[in-house]
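> Contents of work22.cif (mmCIF, C-alpha atoms) are below:
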data_start
#
loop_
_atom_site.group_PDB
_atom_site.id
_atom_site.type_symbol
_atom_site.label_atom_id
_atom_site.label_comp_id
_atom_site.auth_asym_id
_atom_site.auth_seq_id
_atom_site.Cartn_x
_atom_site.Cartn_y
_atom_site.Cartn_z
ATOM 1 C CA MET A 1 -27.395 -29.071 6.494
ATOM 2 C CA GLN A 2 -28.812 -27.947 9.818
ATOM 3 C CA GLY A 3 -25.803 -25.698 10.437
ATOM 4 C CA LEU A 4 -26.472 -23.802 7.217
ATOM 5 C CA ASP A 5 -30.098 -23.176 8.186
ATOM 6 C CA ARG A 6 -29.060 -21.594 11.475
ATOM 7 C CA CYS A 7 -26.573 -19.287 9.743
ATOM 8 C CA ARG A 8 -28.797 -18.150 6.881
ATOM 9 C CA PRO A 9 -29.497 -14.393 6.946
ATOM 10 C CA VAL A 10 -32.974 -13.326 8.004
ATOM 11 C CA ALA A 11 -33.571 -11.149 4.936
ATOM 12 C CA GLU A 12 -31.932 -11.423 1.537
ATOM 13 C CA HIS A 13 -31.087 -8.511 -0.701
ATOM 14 C CA PRO A 14 -33.721 -8.224 -3.484
ATOM 15 C CA THR A 15 -31.032 -8.518 -6.175
ATOM 16 C CA MET A 16 -29.890 -11.871 -4.753
ATOM 17 C CA VAL A 17 -33.482 -13.154 -4.624
ATOM 18 C CA LYS A 18 -34.013 -12.186 -8.287
ATOM 19 C CA LYS A 19 -30.698 -13.742 -9.336
ATOM 20 C CA ARG A 20 -31.543 -17.017 -7.554
ATOM 21 C CA GLN A 21 -34.970 -17.114 -9.218
ATOM 22 C CA GLU A 22 -33.414 -16.522 -12.654
ATOM 23 C CA ASN A 23 -30.797 -19.228 -12.084
ATOM 24 C CA SER A 24 -33.360 -21.771 -10.898
ATOM 25 C CA SER A 25 -35.412 -21.274 -14.070
ATOM 26 C CA GLU A 26 -32.286 -21.860 -16.199
ATOM 27 C CA GLN A 27 -31.306 -25.154 -14.554
ATOM 28 C CA LYS A 28 -29.855 -27.709 -16.966
ATOM 29 C CA HIS A 29 -27.472 -30.569 -16.609
ATOM 30 C CA MET A 30 -23.988 -29.217 -16.107
ATOM 31 C CA ARG A 31 -20.990 -31.052 -17.592
ATOM 32 C CA LEU A 32 -17.717 -31.350 -15.664
ATOM 33 C CA ARG A 33 -14.159 -31.687 -16.946
ATOM 34 C CA PHE A 34 -11.440 -32.787 -14.521
ATOM 35 C CA ILE A 35 -8.773 -30.089 -13.976
ATOM 36 C CA GLY A 36 -6.601 -31.590 -11.277
ATOM 37 C CA SER A 37 -6.141 -33.041 -7.820
ATOM 38 C CA PRO A 38 -3.174 -33.427 -5.483
ATOM 39 C CA SER A 39 -4.722 -36.716 -4.298
ATOM 40 C CA ASN A 40 -3.161 -39.907 -5.623
ATOM 41 C CA GLN A 41 -6.164 -41.994 -4.545
ATOM 42 C CA GLY A 42 -8.622 -40.262 -6.869
ATOM 43 C CA GLY A 43 -10.599 -38.648 -4.043
ATOM 44 C CA CYS A 44 -10.898 -35.087 -2.962
ATOM 45 C CA PRO A 45 -9.814 -32.379 -3.143
ATOM 46 C CA THR A 46 -10.419 -31.981 -6.862
ATOM 47 C CA LEU A 47 -11.118 -29.126 -9.278
ATOM 48 C CA TYR A 48 -13.397 -29.312 -12.317
ATOM 49 C CA GLU A 49 -14.335 -26.766 -14.963
ATOM 50 C CA THR A 50 -17.875 -26.688 -16.274
ATOM 51 C CA ASP A 51 -19.508 -26.099 -19.621
ATOM 52 C CA ARG A 52 -20.984 -22.963 -18.008
ATOM 53 C CA GLY A 53 -17.585 -21.284 -17.667
ATOM 54 C CA THR A 54 -17.430 -21.902 -13.919
ATOM 55 C CA VAL A 55 -15.298 -24.032 -11.593
ATOM 56 C CA VAL A 56 -16.571 -26.772 -9.263
ATOM 57 C CA VAL A 57 -14.558 -27.640 -6.155
ATOM 58 C CA GLN A 58 -14.749 -31.065 -4.530
ATOM 59 C CA GLY A 59 -13.613 -31.070 -0.920
ATOM 60 C CA LYS A 60 -14.503 -31.766 2.666
ATOM 61 C CA HIS A 61 -18.021 -30.498 3.462
ATOM 62 C CA VAL A 62 -17.930 -27.808 6.169
ATOM 63 C CA THR A 63 -20.802 -28.398 8.594
ATOM 64 C CA ASP A 64 -19.589 -26.935 11.898
ATOM 65 C CA PRO A 65 -22.128 -24.262 12.919
ATOM 66 C CA VAL A 66 -19.477 -22.137 14.674
ATOM 67 C CA THR A 67 -17.351 -22.088 11.513
ATOM 68 C CA LEU A 68 -20.360 -21.365 9.290
ATOM 69 C CA ALA A 69 -21.363 -18.457 11.531
ATOM 70 C CA ASP A 70 -18.351 -16.620 10.065
ATOM 71 C CA ALA A 71 -19.689 -17.087 6.515
ATOM 72 C CA ARG A 72 -21.750 -14.451 4.730
ATOM 73 C CA ASP A 73 -24.988 -14.631 2.741
ATOM 74 C CA ILE A 74 -25.486 -18.385 2.514
ATOM 75 C CA LEU A 75 -28.231 -18.920 -0.054
ATOM 76 C CA ASP A 76 -30.434 -21.959 -0.526
ATOM 77 C CA GLY A 77 -28.566 -24.662 -2.390
ATOM 78 C CA GLU A 78 -25.122 -23.369 -1.414
ATOM 79 C CA ALA A 79 -22.556 -25.288 0.590
ATOM 80 C CA PHE A 80 -19.013 -24.707 1.768
ATOM 81 C CA VAL A 81 -16.142 -27.090 1.148
ATOM 82 C CA GLU A 82 -12.625 -26.957 2.533
ATOM 83 C CA VAL A 83 -9.656 -27.563 0.241
ATOM 84 C CA PRO A 84 -5.905 -27.065 0.657
ATOM 85 C CA ARG A 85 -4.311 -24.065 -1.086
ATOM 86 C CA GLU A 86 -2.131 -26.331 -3.255
ATOM 87 C CA LEU A 87 -5.255 -27.387 -5.155
ATOM 88 C CA PHE A 88 -5.408 -23.947 -6.794
ATOM 89 C CA ALA A 89 -2.079 -24.574 -8.509
ATOM 90 C CA PHE A 90 -4.157 -26.457 -11.105
ATOM 91 C CA LEU A 91 -5.968 -23.242 -12.104
ATOM 92 C CA ARG A 92 -4.337 -21.368 -14.958
#
Just dump the structure as structure tokens.

Amino acid sequence: MQGLDRCRPVAEHPTMVKKRQENSSEQKHMRLRFIGSPSNQGGCPTLYETDRGTVVVQGKHVTDPVTLADARDILDGEAFVEVPRELFAFLR
């Protein structure tokens, strides 16, 4: 994750810091339910819904520092994954 460290903003907005602290204190095991995948081999890309009311995306990990330089506000614990648009057809 070296690329992410180089792209991280120097100062974070106080609201984001507070939100991250609140979320880290609420950590619990999250449950996933398979939504769909255009892959016939059972690999990525894949979508899951969680018991938290969120969506988890499985895809190719983006690590290129030049690409990540275009990203905004990368917080600790966050990562970027690349998925094809057709994956979102599984969202209703």
> Can you work out the spacing between atom CA of A:His29 and atom CA of A:Gly77 in Å, to one decimal?
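Straight-line distance from atom CA of A:His29 to atom CA of A:Gly77 works out to 15.4 Å.
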> Please report the interatomic distance between atom CA of A:Ile35 and atom CA of A:Leu91 in Å with one decimal.
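Spanning atom CA of A:Ile35 to atom CA of A:Leu91 is a straight-line distance of 7.6 Å.
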> Can you translate the PyMOL selection byres ((chain A and resi 51) around 10) into the concrete residues it hits in this file, as number ranges by chain?
A: 29-33, 49-50, 52-55
> Can I get the selection written as a PDB file, in the coordinates of the input, with C-alpha atoms?

ATOM      1  CA  HIS A  29     -27.472 -30.569 -16.609  1.00  0.00           C
ATOM      2  CA  MET A  30     -23.988 -29.217 -16.107  1.00  0.00           C
ATOM      3  CA  ARG A  31     -20.990 -31.052 -17.592  1.00  0.00           C
ATOM      4  CA  LEU A  32     -17.717 -31.350 -15.664  1.00  0.00           C
ATOM      5  CA  ARG A  33     -14.159 -31.687 -16.946  1.00  0.00           C
ATOM      6  CA  GLU A  49     -14.335 -26.766 -14.963  1.00  0.00           C
ATOM      7  CA  THR A  50     -17.875 -26.688 -16.274  1.00  0.00           C
ATOM      8  CA  ARG A  52     -20.984 -22.963 -18.008  1.00  0.00           C
ATOM      9  CA  GLY A  53     -17.585 -21.284 -17.667  1.00  0.00           C
ATOM     10  CA  THR A  54     -17.430 -21.902 -13.919  1.00  0.00           C
ATOM     11  CA  VAL A  55     -15.298 -24.032 -11.593  1.00  0.00           C
TER      12      VAL A  55
END
> Could you list, as a PyMOL selection string, every residue matched by the PyMOL selection byres ((chain A and resi 44-47) around 8) in this structure?
chain A and resi 34-39+42-43+48-49+55-60+83-84+87+90
> Quick one: distance from atom CA of A:Asp64 to atom CA of A:Phe88 in Å, one decimal?
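Interatomic distance, atom CA of A:Asp64 to atom CA of A:Phe88: 23.7 Å.
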